[in-house]
>>> print(open('run_39.cif').read())   # mmCIF, C-alpha atoms and all ligand atoms
data_target
#
loop_
_atom_site.label_atom_id
_atom_site.label_comp_id
_atom_site.auth_asym_id
_atom_site.auth_seq_id
_atom_site.Cartn_x
_atom_site.Cartn_y
_atom_site.Cartn_z
CA MET A 1 119.41 110.48 79.08
CA SER A 2 121.79 110.90 81.95
CA GLU A 3 123.63 108.61 84.32
CA VAL A 4 123.69 109.92 87.85
CA GLN A 5 125.26 108.65 91.05
CA LEU A 6 124.19 109.10 94.62
CA ASP A 7 126.32 108.47 97.67
CA ALA A 8 124.07 107.33 100.53
CA ARG A 9 126.76 105.45 102.42
CA ARG A 10 126.53 105.48 106.21
CA LEU A 11 123.00 106.85 106.12
CA LEU A 12 120.45 104.77 107.96
CA CYS A 13 117.06 103.87 106.58
CA PRO A 14 114.90 105.54 105.61
CA LEU A 15 117.42 108.26 104.68
CA PRO A 16 118.87 106.37 101.68
CA VAL A 17 115.31 106.02 100.38
CA ILE A 18 114.55 109.69 100.94
CA ARG A 19 117.76 110.77 99.18
CA THR A 20 116.95 108.43 96.28
CA GLN A 21 113.42 109.80 96.04
CA ASP A 22 114.58 113.41 96.14
CA ARG A 23 117.23 112.77 93.48
CA ILE A 24 114.80 110.98 91.18
CA GLU A 25 112.42 113.91 91.49
CA GLN A 26 114.97 115.97 89.52
CA LEU A 27 115.50 113.31 86.83
CA GLN A 28 113.66 112.51 83.61
CA ARG A 29 112.13 109.33 82.37
CA GLY A 30 114.87 107.03 81.07
CA ASP A 31 117.60 108.53 83.25
CA ARG A 32 119.60 106.11 85.34
CA LEU A 33 120.60 106.49 88.95
CA THR A 34 123.16 104.42 90.82
CA VAL A 35 122.81 104.55 94.60
CA TYR A 36 125.65 103.49 96.89
CA CYS A 37 124.63 102.66 100.45
CA THR A 38 125.62 100.61 103.47
CA ASP A 39 122.43 100.12 105.49
CA PRO A 40 121.22 96.60 104.64
CA GLY A 41 117.64 97.82 105.07
CA ALA A 42 118.07 99.70 101.80
CA ILE A 43 118.11 96.40 99.90
CA HIS A 44 114.42 96.08 100.71
CA ASP A 45 113.37 99.67 101.04
CA ILE A 46 114.75 101.23 97.85
CA PRO A 47 113.25 98.54 95.58
CA ALA A 48 109.94 98.79 97.51
CA TRP A 49 109.94 102.54 96.99
CA CYS A 50 110.71 101.99 93.28
CA ARG A 51 107.86 99.51 92.95
CA VAL A 52 105.25 101.89 94.39
CA HIS A 53 106.46 104.67 92.11
CA GLY A 54 106.84 102.47 89.05
CA HIS A 55 110.61 102.85 88.56
CA ALA A 56 112.70 99.89 87.42
CA VAL A 57 115.44 98.40 89.57
CA LEU A 58 118.04 97.19 87.06
CA GLU A 59 120.52 95.65 89.42
CA ILE A 60 121.38 95.19 93.07
CA VAL A 61 124.95 94.28 93.95
CA ARG A 62 126.09 93.53 97.45
CA HIS A 63 129.78 93.58 98.15
CA ASP A 64 130.69 93.12 101.81
CA GLU A 65 129.04 96.05 103.55
CA GLU A 66 128.44 98.05 100.41
CA ILE A 67 125.25 97.88 98.40
CA THR A 68 124.88 99.28 94.91
CA ILE A 69 121.43 99.73 93.41
CA ARG A 70 120.88 100.78 89.80
CA ILE A 71 117.56 102.34 88.94
CA GLU A 72 115.97 103.46 85.71
CA VAL A 73 113.52 106.30 86.11
CA GLN A 74 110.09 105.53 84.72
CA GLY A 75 106.57 106.37 85.79
CA MET B 76 83.54 112.38 83.74
CA ASP B 77 85.11 114.55 86.37
CA GLN B 78 88.70 113.90 87.32
CA PRO B 79 88.76 111.93 90.58
CA ARG B 80 89.44 114.02 93.66
CA LYS B 81 92.88 113.67 95.15
CA ALA B 82 93.79 113.04 98.77
CA VAL B 83 97.03 112.54 100.62
CA ALA B 84 96.99 110.02 103.47
CA LEU B 85 99.37 110.27 106.41
CA ILE B 86 100.93 106.82 106.52
CA SER B 87 102.60 106.05 109.82
CA GLY B 88 103.13 102.40 109.03
CA GLY B 89 100.42 101.42 111.53
CA LEU B 90 97.17 99.61 110.90
CA ASP B 91 94.89 102.62 111.39
CA SER B 92 96.44 104.74 108.68
CA LEU B 93 96.38 101.74 106.33
CA LEU B 94 92.65 101.31 106.89
CA ALA B 95 91.83 105.01 106.68
CA ALA B 96 93.52 105.28 103.30
CA LYS B 97 91.83 102.11 102.08
CA VAL B 98 88.36 103.34 103.06
CA VAL B 99 88.83 106.45 100.93
CA LEU B 100 90.49 104.59 98.05
CA GLU B 101 87.44 102.33 97.93
CA GLN B 102 85.34 105.38 97.23
CA GLY B 103 87.19 106.10 94.02
CA VAL B 104 89.40 108.90 95.32
CA HIS B 105 92.99 109.11 94.05
CA VAL B 106 95.12 108.61 97.16
CA GLU B 107 98.86 109.03 97.67
CA GLY B 108 100.67 108.50 100.94
CA ILE B 109 103.01 110.74 102.88
CA ASN B 110 105.29 109.59 105.67
CA PHE B 111 107.47 111.78 107.86
CA PHE B 112 110.91 110.86 109.13
CA THR B 113 111.62 112.64 112.41
CA GLY B 114 114.76 110.76 113.41
CA PHE B 115 112.91 109.15 116.31
CA CYS B 116 110.95 106.67 114.22
CA VAL B 117 111.15 103.03 115.21
CA GLU B 118 112.08 101.77 111.81
CA GLY B 119 114.77 100.01 109.88
CA HIS B 120 117.91 101.19 111.64
CA THR B 121 117.55 99.57 115.01
CA HIS B 122 116.70 96.34 113.28
CA ALA B 123 119.54 96.73 110.85
CA ILE B 124 122.02 97.45 113.60
CA ARG B 125 121.29 94.66 116.03
CA LYS B 126 122.03 91.13 114.98
CA THR B 127 119.42 89.81 117.39
CA ASP B 128 116.81 91.70 115.42
CA ARG B 129 118.04 90.48 112.07
CA ALA B 130 115.62 87.60 111.93
CA ARG B 131 112.74 90.06 111.79
CA PRO B 132 111.74 91.30 108.39
CA LYS B 133 113.62 94.53 107.83
CA ARG B 134 110.94 96.22 105.90
CA ASN B 135 109.87 99.78 106.16
CA ASN B 136 106.30 99.52 107.39
CA ALA B 137 105.11 102.67 105.65
CA LEU B 138 106.39 101.36 102.30
CA TRP B 139 104.85 97.99 102.98
CA VAL B 140 101.51 99.68 103.67
CA ALA B 141 101.78 101.66 100.43
CA GLU B 142 102.40 98.45 98.52
CA GLN B 143 99.36 96.83 100.08
CA LEU B 144 97.31 99.80 99.02
CA GLY B 145 98.93 100.15 95.62
CA ILE B 146 99.60 103.85 96.18
CA LYS B 147 102.64 106.08 95.89
CA LEU B 148 104.43 106.96 99.10
CA HIS B 149 106.37 110.16 99.63
CA ILE B 150 108.80 110.04 102.53
CA VAL B 151 109.71 113.44 103.87
CA ASP B 152 112.77 114.27 105.95
CA ILE B 153 111.59 116.62 108.71
CA ILE B 154 114.52 116.05 111.07
CA GLU B 155 115.49 119.73 111.37
CA GLU B 156 112.05 121.29 111.61
CA TYR B 157 110.86 118.62 114.02
CA LYS B 158 113.36 119.74 116.67
CA GLU B 159 111.12 122.65 117.60
CA VAL B 160 108.26 120.20 118.16
CA VAL B 161 110.31 118.03 120.51
CA LEU B 162 112.04 120.88 122.33
CA ASN B 163 109.12 123.28 122.79
CA PRO B 164 105.78 121.53 122.44
CA ARG B 165 102.98 124.03 123.07
CA HIS B 166 100.71 121.28 124.31
CA GLY B 167 103.33 119.52 126.39
CA TYR B 168 104.42 115.92 126.54
CA GLY B 169 102.66 112.60 127.00
CA ALA B 170 103.84 110.01 129.50
CA ASN B 171 107.42 110.35 128.25
CA LEU B 172 109.06 112.87 125.92
CA ASN B 173 106.42 112.28 123.25
CA PRO B 174 104.86 115.57 122.16
CA CYS B 175 102.05 113.74 120.38
CA LEU B 176 99.55 116.53 119.97
CA ASP B 177 102.09 119.02 118.64
CA CYS B 178 103.52 116.27 116.47
CA LYS B 179 100.12 115.60 114.89
CA VAL B 180 99.51 119.29 114.31
CA PHE B 181 102.93 119.60 112.72
CA MET B 182 102.51 116.60 110.43
CA VAL B 183 99.05 117.62 109.31
CA ARG B 184 100.38 121.13 108.66
CA LYS B 185 103.18 119.69 106.49
CA ALA B 186 100.60 117.59 104.67
CA ARG B 187 98.45 120.69 104.19
CA GLU B 188 101.40 122.55 102.64
CA TRP B 189 102.04 119.51 100.46
CA ILE B 190 98.48 119.31 99.10
CA GLU B 191 98.46 123.02 98.41
CA GLN B 192 101.66 122.69 96.45
CA LYS B 193 100.60 119.58 94.53
CA GLY B 194 96.99 120.55 93.91
CA PHE B 195 95.43 117.82 96.04
CA ASP B 196 92.02 118.31 97.65
CA PHE B 197 92.14 116.90 101.16
CA ILE B 198 94.07 115.03 103.86
CA ILE B 199 93.36 111.66 105.46
CA THR B 200 94.57 110.45 108.85
CA GLY B 201 93.92 107.21 110.71
CA GLU B 202 93.01 108.94 113.96
CA VAL B 203 90.33 107.40 116.14
CA ILE B 204 88.64 109.28 118.97
CA GLY B 205 89.75 107.93 122.32
CA GLN B 206 92.42 105.67 120.86
CA ARG B 207 95.24 107.57 122.56
CA PRO B 208 94.59 109.28 125.87
CA LYS B 209 96.44 112.49 125.12
CA SER B 210 96.42 113.17 121.43
CA GLN B 211 93.38 111.37 120.08
CA ARG B 212 90.47 112.74 122.06
CA LYS B 213 87.25 114.34 120.96
CA ASP B 214 88.52 117.75 122.08
CA THR B 215 91.94 117.42 120.40
CA MET B 216 90.51 116.62 116.98
CA PRO B 217 89.52 120.24 116.23
CA VAL B 218 92.82 121.49 117.70
CA ILE B 219 94.72 119.51 115.08
CA ALA B 220 92.42 120.62 112.27
CA VAL B 221 92.60 124.30 113.22
CA GLU B 222 96.24 124.66 114.26
CA SER B 223 97.46 122.82 111.16
CA GLY B 224 95.40 125.10 108.94
CA ALA B 225 93.82 122.04 107.32
CA ASP B 226 90.42 122.83 108.85
CA ASP B 227 87.65 120.94 107.12
CA ARG B 228 90.03 119.50 104.53
CA LEU B 229 91.08 116.99 107.18
CA LEU B 230 89.12 113.74 107.04
CA ARG B 231 89.39 110.92 109.60
CA PRO B 232 87.57 108.10 107.85
CA LEU B 233 87.68 105.75 110.85
CA CYS B 234 85.79 108.10 113.18
CA ALA B 235 84.31 110.66 110.78
CA ARG B 236 80.76 109.87 111.72
CA ASN B 237 81.46 110.97 115.28
CA LEU B 238 82.73 114.31 114.03
CA PRO B 239 81.23 117.27 112.18
CA GLU B 240 81.00 116.96 108.42
CA THR B 241 84.15 117.88 106.52
CA LEU B 242 84.61 119.39 103.08
CA PRO B 243 85.02 116.09 101.18
CA GLU B 244 81.82 114.80 102.76
CA ARG B 245 79.86 118.00 102.12
CA GLU B 246 81.00 118.15 98.53
CA GLY B 247 80.12 114.50 97.99
CA TRP B 248 83.69 113.49 97.12
CA VAL B 249 83.26 110.79 99.73
CA ASP B 250 80.07 109.27 101.07
CA ARG B 251 79.78 109.88 104.81
CA GLU B 252 77.57 106.82 105.13
CA ARG B 253 80.47 104.65 104.08
CA LEU B 254 82.82 106.11 106.69
CA TYR B 255 83.15 104.80 110.25
CA ALA B 256 82.35 105.78 113.83
CA PHE B 257 85.09 103.96 115.73
CA SER B 258 85.89 105.24 119.19
CA GLY B 259 87.72 104.11 122.28
CA ARG B 260 90.79 102.03 122.84
CA SER B 261 89.51 98.74 121.49
CA ARG B 262 91.36 97.43 118.44
CA LYS B 263 88.60 95.00 117.49
CA PRO B 264 86.79 97.22 114.97
CA GLN B 265 90.09 97.86 113.16
CA MET B 266 90.91 94.18 113.08
CA ALA B 267 87.46 93.32 111.76
CA LEU B 268 87.80 95.96 109.04
CA ALA B 269 91.27 94.71 108.12
CA ASP B 270 89.85 91.22 107.74
CA ARG B 271 87.02 92.54 105.63
CA PHE B 272 89.50 94.21 103.29
CA GLY B 273 91.49 91.01 103.18
CA PHE B 274 94.64 92.42 104.78
CA SER B 275 96.65 89.83 106.59
CA ASP B 276 100.10 90.00 108.09
CA TYR B 277 99.37 93.36 109.67
CA ALA B 278 99.97 92.14 113.23
CA GLN B 279 103.38 93.72 113.51
CA LEU B 280 102.10 97.08 112.39
CA ALA B 281 100.84 97.71 115.91
CA GLY B 282 102.89 99.42 118.57
CA GLY B 283 104.45 102.80 119.14
CA CYS B 284 105.59 104.66 116.11
CA CYS B 285 108.44 106.48 117.77
CA PHE B 286 111.11 106.22 120.43
CA LEU B 287 109.83 109.29 122.24
CA THR B 288 107.10 107.13 123.80
CA ASP B 289 109.75 104.86 125.27
CA ALA B 290 110.58 105.55 128.94
CA GLN B 291 114.20 104.45 128.76
CA TYR B 292 114.86 106.36 125.58
CA SER B 293 113.31 109.49 127.07
CA ARG B 294 115.48 109.12 130.16
CA LYS B 295 118.58 109.00 127.97
CA LEU B 296 117.48 112.06 126.04
CA ASN B 297 116.82 113.99 129.25
CA ASP B 298 120.21 112.93 130.54
CA LEU B 299 121.85 114.22 127.36
CA TRP B 300 120.25 117.63 127.78
CA ARG B 301 121.12 117.80 131.47
CA ALA B 302 124.73 116.88 130.80
CA ARG B 303 125.08 119.48 128.06
CA GLY B 304 123.32 122.14 130.06
CA GLU B 305 120.99 122.89 127.18
CA ARG B 306 118.14 121.28 125.37
CA ARG B 307 119.25 120.62 121.82
CA TYR B 308 120.22 117.63 119.71
CA GLU B 309 121.65 116.56 116.38
CA LEU B 310 120.61 113.55 114.36
CA ASP B 311 123.73 111.64 115.44
CA ASP B 312 122.83 112.19 119.11
CA ILE B 313 119.38 110.73 118.82
CA MET B 314 120.59 107.84 116.66
CA LEU B 315 123.25 106.97 119.22
CA LEU B 316 120.61 106.90 121.96
CA LYS B 317 119.06 103.95 120.14
CA VAL B 318 122.26 101.93 120.26
CA GLY B 319 124.32 100.28 122.97
CA ARG B 320 124.40 100.41 126.72
CA HIS B 321 124.71 103.95 128.08
CA LEU B 322 126.51 104.51 131.38
CA ARG B 323 127.20 107.86 132.99
CA PRO B 324 129.85 107.36 135.70
CA ARG B 325 130.45 111.11 136.08
CA PRO B 326 128.36 114.15 135.21
CA HIS B 327 130.80 115.29 132.51
CA PHE B 328 131.05 112.11 130.47
CA LYS B 329 129.16 109.00 129.54
CA LEU B 330 130.08 105.76 127.82
CA ILE B 331 128.25 104.13 124.94
CA ILE B 332 129.09 100.44 124.96
CA GLY B 333 128.32 98.20 121.99
CA ARG B 334 126.36 95.13 123.04
CA GLU B 335 127.17 92.96 120.07
CA ASP B 336 128.88 92.93 116.68
CA GLY B 337 126.19 94.80 114.84
CA GLU B 338 126.25 97.63 117.35
CA ASN B 339 130.04 97.69 117.46
CA ARG B 340 130.13 98.04 113.71
CA PHE B 341 127.60 100.84 113.86
CA LEU B 342 129.59 102.63 116.56
CA GLU B 343 132.77 102.28 114.50
CA GLY B 344 131.31 104.84 112.16
CA TYR B 345 131.61 107.39 114.98
CA ARG B 346 135.23 106.71 115.92
CA LYS B 347 136.53 109.94 114.44
CA GLN B 348 134.07 112.08 116.38
CA PHE B 349 134.62 110.51 119.80
CA THR B 350 137.34 109.42 122.15
CA HIS B 351 136.91 105.65 122.10
CA LEU B 352 138.22 102.51 123.72
CA VAL B 353 138.76 98.92 122.65
CA THR B 354 140.22 95.96 124.49
CA ARG B 355 143.35 94.43 122.93
CA SER B 356 144.14 91.39 125.05
CA HIS B 357 140.59 90.08 124.90
CA ASN B 358 137.58 90.39 122.63
CA GLY B 359 135.39 93.20 123.72
CA PRO B 360 133.08 96.00 122.78
CA LEU B 361 133.78 99.30 121.14
CA VAL B 362 133.14 102.04 123.67
CA LEU B 363 132.56 105.69 122.77
CA VAL B 364 133.13 108.44 125.32
CA ASP B 365 130.69 111.32 125.05
CA GLY B 366 131.94 114.33 127.02
CA GLU B 367 135.27 115.63 128.28
CA PRO B 368 136.99 112.95 130.35
CA GLY B 369 140.12 113.75 132.33
CA ASP B 370 143.00 111.34 132.81
CA GLU B 371 141.46 109.58 135.80
CA ASP B 372 138.18 109.36 133.96
CA LEU B 373 139.94 107.57 131.11
CA ASP B 374 141.23 105.07 133.59
CA LEU B 375 137.74 104.45 134.88
CA ALA B 376 136.45 104.21 131.31
CA ALA B 377 139.14 101.62 130.54
CA ARG B 378 138.20 99.54 133.59
CA ILE B 379 134.55 99.64 132.60
CA THR B 380 135.43 98.71 129.02
CA ALA B 381 137.40 95.75 130.37
CA ARG B 382 134.43 94.74 132.49
CA PHE B 383 132.26 94.39 129.39
CA SER B 384 134.90 92.41 127.50
CA GLN B 385 135.64 88.71 127.62
CA GLY B 386 138.39 89.55 130.08
CA ARG B 387 135.91 90.61 132.75
CA ASP B 388 137.29 88.06 135.23
CA ALA B 389 140.92 88.45 134.24
CA GLU B 390 143.50 90.12 136.49
CA ALA B 391 144.53 92.53 133.77
CA VAL B 392 143.17 93.60 130.41
CA ASP B 393 144.94 95.73 127.80
CA VAL B 394 142.78 98.59 126.70
CA GLU B 395 143.55 100.94 123.85
CA ILE B 396 142.37 104.49 124.35
CA HIS B 397 142.06 106.60 121.23
CA ILE B 398 141.80 110.23 122.22
CA ARG B 399 139.68 112.27 119.85
CA ASN B 400 142.02 114.17 117.53
CA GLY B 401 144.95 112.95 119.58
CA ALA B 402 147.16 110.17 120.78
CA THR B 403 146.43 106.50 121.25
CA LEU B 404 147.43 105.10 124.63
CA THR B 405 147.41 101.51 125.79
CA ARG B 406 146.75 100.86 129.45
CA GLN B 407 146.71 97.66 131.37
CA VAL B 408 143.82 97.75 133.83
CA LYS B 409 141.92 95.54 136.19
CA PRO B 410 138.29 95.22 135.15
CA ILE B 411 135.96 97.06 137.50
CA SER B 412 133.84 94.66 139.53
CA GLY B 413 130.09 94.54 139.10
CA GLU B 414 129.37 95.87 142.60
CA LYS B 415 131.45 98.95 141.87
CA ILE B 416 129.04 99.98 139.13
CA PRO B 417 126.12 101.64 140.88
CA SER B 418 122.81 101.09 139.16
CA HIS B 419 122.28 104.83 138.66
CA TRP B 420 125.20 104.87 136.20
CA TYR B 421 123.02 102.94 133.79
CA LEU B 422 120.83 105.28 131.78
S1 LIG C 1 104.26 108.61 119.08
FE1 LIG C 1 105.85 109.94 118.23
S2 LIG C 1 105.43 110.06 116.04
FE2 LIG C 1 103.58 109.27 117.01
S3 LIG C 1 102.36 111.11 117.42
FE3 LIG C 1 103.53 110.74 119.27
S4 LIG C 1 105.37 111.98 119.03
FE4 LIG C 1 104.42 111.81 117.00
#
>>> encode(input="run_39.cif", output="structure tokens", more="lines below")
Ligand code: SF4
Amino acid sequence: MSEVQLDARRLLCPLPVIRTQDRIEQLQRGDRLTVYCTDPGAIHDIPAWCRVHGHAVLEIVRHDEEITIRIEVQG
Amino acid sequence: MDQPRKAVALISGGLDSLLAAKVVLEQGVHVEGINFFTGFCVEGHTHAIRKTDRARPKRNNALWVAEQLGIKLHIVDIIEEYKEVVLNPRHGYGANLNPCLDCKVFMVRKAREWIEQKGFDFIITGEVIGQRPKSQRKDTMPVIAVESGADDRLLRPLCARNLPETLPEREGWVDRERLYAFSGRSRKPQMALADRFGFSDYAQLAGGCCFLTDAQYSRKLNDLWRARGERRYELDDIMLLKVGRHLRPRPHFKLIIGREDGENRFLEGYRKQFTHLVTRSHNGPLVLVDGEPGDEDLDLAARITARFSQGRDAEAVDVEIHIRNGATLTRQVKPISGEKIPSHWYL
């Protein structure tokens, strides 16, 4: 099981979602991905993308402009 | 039992593609969605940038549609490849810089490549004959099918019964009798079908799917090409055209002026790439300069910046000019008066 990070700061939606999707494509079930982004739209879009693909969102942290989303790959 | 057949549905985030996918799902086909990001899509960013738009739900419509349908959605970045479609559309443009027919061909072709790679059987779109004057006509339907290479693997469930039989119908993967024969510009049949499926809250799915159909946006894009002397663009260019007030006081430079905090913050991300101005003595916008301004031009830019600050009626406003890769100068200027800004400066 690996822990992976993805820097999607400054990208506008839907690019953070696309980068997340493309990264998860290379991961295995049980792997964890932490995405860092700044577009507030990602707070809705990344979890929505995870829901339709059956991945688990473990945590969303918002700190000023920065958003951190932790995902566990499932599905 | 046989494995269910698999289809990919082009999901634009509009009502028609939602319904088309639903019609096929109802027939027991395994459906997944695909959505293309061209850089021109009216989605998230503009809403995220502008405070005035913040009250609106900032959802991605294509993802919302996928959730309603309970299907997977694959979002594909086609920014680079799409440039050829925008710059050299074989079938020309619509009312503005929207190359809709070429765009459809391109997206269906990408979907065709996708199904071939993933082992899916056919492609679904929400097209309706006569819905759009240029790209959704009876005679353009075969153009899209043929030029994309999808041929009879392309099914339009909402108007299929007005069109020749396709592979999924012939093979009995879907029942043609349970497809539709919508045509024309009316939205009533779609709304009735949405109600029948129990979809609500789809009202805001209507409307143009991309900025290229917008007259003002297209004017700004044309201006960019004219000013650069060549037709090309980068993602940053087309993003910046969605933000701020754009004024071109001289052929060799234009100003991008933030209209409120959200836009100013967005523009801040571009400070390193552009000469930019901010007012110091008063609150005001962040202004980016796109082009090669000379010294007098900077003075004009400073006076315009002052005009859009809270010091617009003041005798003098301090403006800081940050030259790209260079010095920072502060100049005290008198804000330019409204009459001195000819309307043709506004893009
Ligand atoms: S409106 Fe834009 S995205 Fe939609 S078909 Fe036309 S060019 Fe393509």
>>> interface_residues(input="run_39.cif", of="chain A", to="chain B", cutoff="6 Å", atoms="all atoms listed in the file", output="list of chain:residue names")
A:Leu12, A:Cys13, A:Ile18, A:Gly41, A:Val52, A:His53
>>> write_last_selection(input="run_39.cif", atoms="C-alpha atoms", output="mmCIF file, in the coordinates of the input")
data_model
loop_
_atom_site.group_PDB
_atom_site.id
_atom_site.type_symbol
_atom_site.label_atom_id
_atom_site.label_comp_id
_atom_site.auth_asym_id
_atom_site.auth_seq_id
_atom_site.Cartn_x
_atom_site.Cartn_y
_atom_site.Cartn_z
ATOM 1 C CA LEU A 12 120.450 104.770 107.960
ATOM 2 C CA CYS A 13 117.060 103.870 106.580
ATOM 3 C CA ILE A 18 114.550 109.690 100.940
ATOM 4 C CA GLY A 41 117.640 97.820 105.070
ATOM 5 C CA VAL A 52 105.250 101.890 94.390
ATOM 6 C CA HIS A 53 106.460 104.670 92.110
#
>>> axis_aligned_box(input="run_39.cif", around="ligand LIG 1 (chain C)", padding_each_side="3 Å", output="lines of an AutoDock Vina configuration file")
center_x = 104.1
center_y = 110.3
center_z = 117.7
size_x = 9.5
size_y = 9.4
size_z = 9.2
>>> closest_residue(input="run_39.cif", among="B:His327, B:Arg406, B:His351, B:Lys158", to="ligand LIG 1 (chain C)", atoms="all atoms listed in the file")
B:Lys158
>>> residues_near_ligand(input="run_39.cif", ligand="ligand LIG 1 (chain C)", cutoff="6 Å", atoms="all atoms listed in the file", output="compact mmCIF listing (two decimals) with C-alpha atoms, in the coordinates of the input")
# COMPACT_ATOMS: atom_id res chain seq x y z
CA ASN B 173 106.42 112.28 123.25
CA PRO B 174 104.86 115.57 122.16
CA CYS B 175 102.05 113.74 120.38
CA CYS B 178 103.52 116.27 116.47
CA LYS B 179 100.12 115.60 114.89
CA GLY B 283 104.45 102.80 119.14
CA CYS B 284 105.59 104.66 116.11
CA CYS B 285 108.44 106.48 117.77
CA LEU B 287 109.83 109.29 122.24
CA THR B 288 107.10 107.13 123.80
>>> residues_around(input="run_39.cif", residues="Pro16 (chain A)", least_positions_apart="4", cutoff="7 Å", atoms="only C-alpha atoms", output="ChimeraX atom specification")
/A:8,11-12,20,37,42
>>> atom_distance(input="run_39.cif", atom1="CA of Phe349 (chain B)", atom2="CA of Gly333 (chain B)")
14.0 Å
>>> residues_around(input="run_39.cif", residues="region 387-389 of chain B", least_positions_apart="3", cutoff="10 Å", atoms="only C-alpha atoms", output="number ranges by chain")
B: 357, 359, 378-384, 392, 408-413
>>> residues_around(input="run_39.cif", residues="region 249-261 of chain B", least_positions_apart="5", cutoff="8 Å", atoms="all atoms listed in the file", output="list in words")
Val98, Val99, Gln102, Val104, Val203, Ile204, Gly205, Gln206, Arg207, Pro232, Leu233, Cys234, Ala235, Arg236, Asn237, Pro243 and Glu244 of chain B
>>> build_atoms(input="run_39.cif", residues="region 132-147 of chain B", atoms="N, CA and C atoms", output="mmCIF file, in the frame of the given file")
data_model
loop_
_atom_site.group_PDB
_atom_site.id
_atom_site.type_symbol
_atom_site.label_atom_id
_atom_site.label_comp_id
_atom_site.auth_asym_id
_atom_site.auth_seq_id
_atom_site.Cartn_x
_atom_site.Cartn_y
_atom_site.Cartn_z
ATOM 1 N N PRO B 132 111.685 90.700 109.716
ATOM 2 C CA PRO B 132 111.740 91.300 108.390
ATOM 3 C C PRO B 132 112.148 92.771 108.508
ATOM 4 N N LYS B 133 113.136 93.166 107.712
ATOM 5 C CA LYS B 133 113.620 94.530 107.830
ATOM 6 C C LYS B 133 112.917 95.421 106.825
ATOM 7 N N ARG B 134 111.621 95.413 106.883
ATOM 8 C CA ARG B 134 110.940 96.220 105.900
ATOM 9 C C ARG B 134 110.566 97.556 106.551
ATOM 10 N N ASN B 135 110.372 98.508 105.699
ATOM 11 C CA ASN B 135 109.870 99.780 106.160
ATOM 12 C C ASN B 135 108.349 99.666 106.136
ATOM 13 N N ASN B 136 107.735 99.774 107.305
ATOM 14 C CA ASN B 136 106.300 99.520 107.390
ATOM 15 C C ASN B 136 105.475 100.468 106.522
ATOM 16 N N ALA B 137 105.886 101.713 106.446
ATOM 17 C CA ALA B 137 105.110 102.670 105.650
ATOM 18 C C ALA B 137 105.129 102.258 104.166
ATOM 19 N N LEU B 138 106.299 101.808 103.703
ATOM 20 C CA LEU B 138 106.390 101.360 102.300
ATOM 21 C C LEU B 138 105.584 100.088 102.085
ATOM 22 N N TRP B 139 105.618 99.232 103.081
ATOM 23 C CA TRP B 139 104.850 97.990 102.980
ATOM 24 C C TRP B 139 103.361 98.318 102.863
ATOM 25 N N VAL B 140 102.910 99.251 103.704
ATOM 26 C CA VAL B 140 101.510 99.680 103.670
ATOM 27 C C VAL B 140 101.165 100.243 102.284
ATOM 28 N N ALA B 141 102.047 101.068 101.750
ATOM 29 C CA ALA B 141 101.780 101.660 100.430
ATOM 30 C C ALA B 141 101.658 100.576 99.367
ATOM 31 N N GLU B 142 102.488 99.551 99.489
ATOM 32 C CA GLU B 142 102.400 98.450 98.520
ATOM 33 C C GLU B 142 101.085 97.701 98.646
ATOM 34 N N GLN B 143 100.649 97.499 99.876
ATOM 35 C CA GLN B 143 99.360 96.830 100.080
ATOM 36 C C GLN B 143 98.237 97.619 99.440
ATOM 37 N N LEU B 144 98.360 98.934 99.540
ATOM 38 C CA LEU B 144 97.310 99.800 99.020
ATOM 39 C C LEU B 144 97.455 100.069 97.530
ATOM 40 N N GLY B 145 98.662 99.818 97.018
ATOM 41 C CA GLY B 145 98.930 100.150 95.620
ATOM 42 C C GLY B 145 98.953 101.655 95.381
ATOM 43 N N ILE B 146 99.515 102.392 96.351
ATOM 44 C CA ILE B 146 99.600 103.850 96.180
ATOM 45 C C ILE B 146 101.059 104.300 96.259
ATOM 46 N N LYS B 147 101.308 105.501 95.754
ATOM 47 C CA LYS B 147 102.640 106.080 95.890
ATOM 48 C C LYS B 147 102.868 106.526 97.322
#
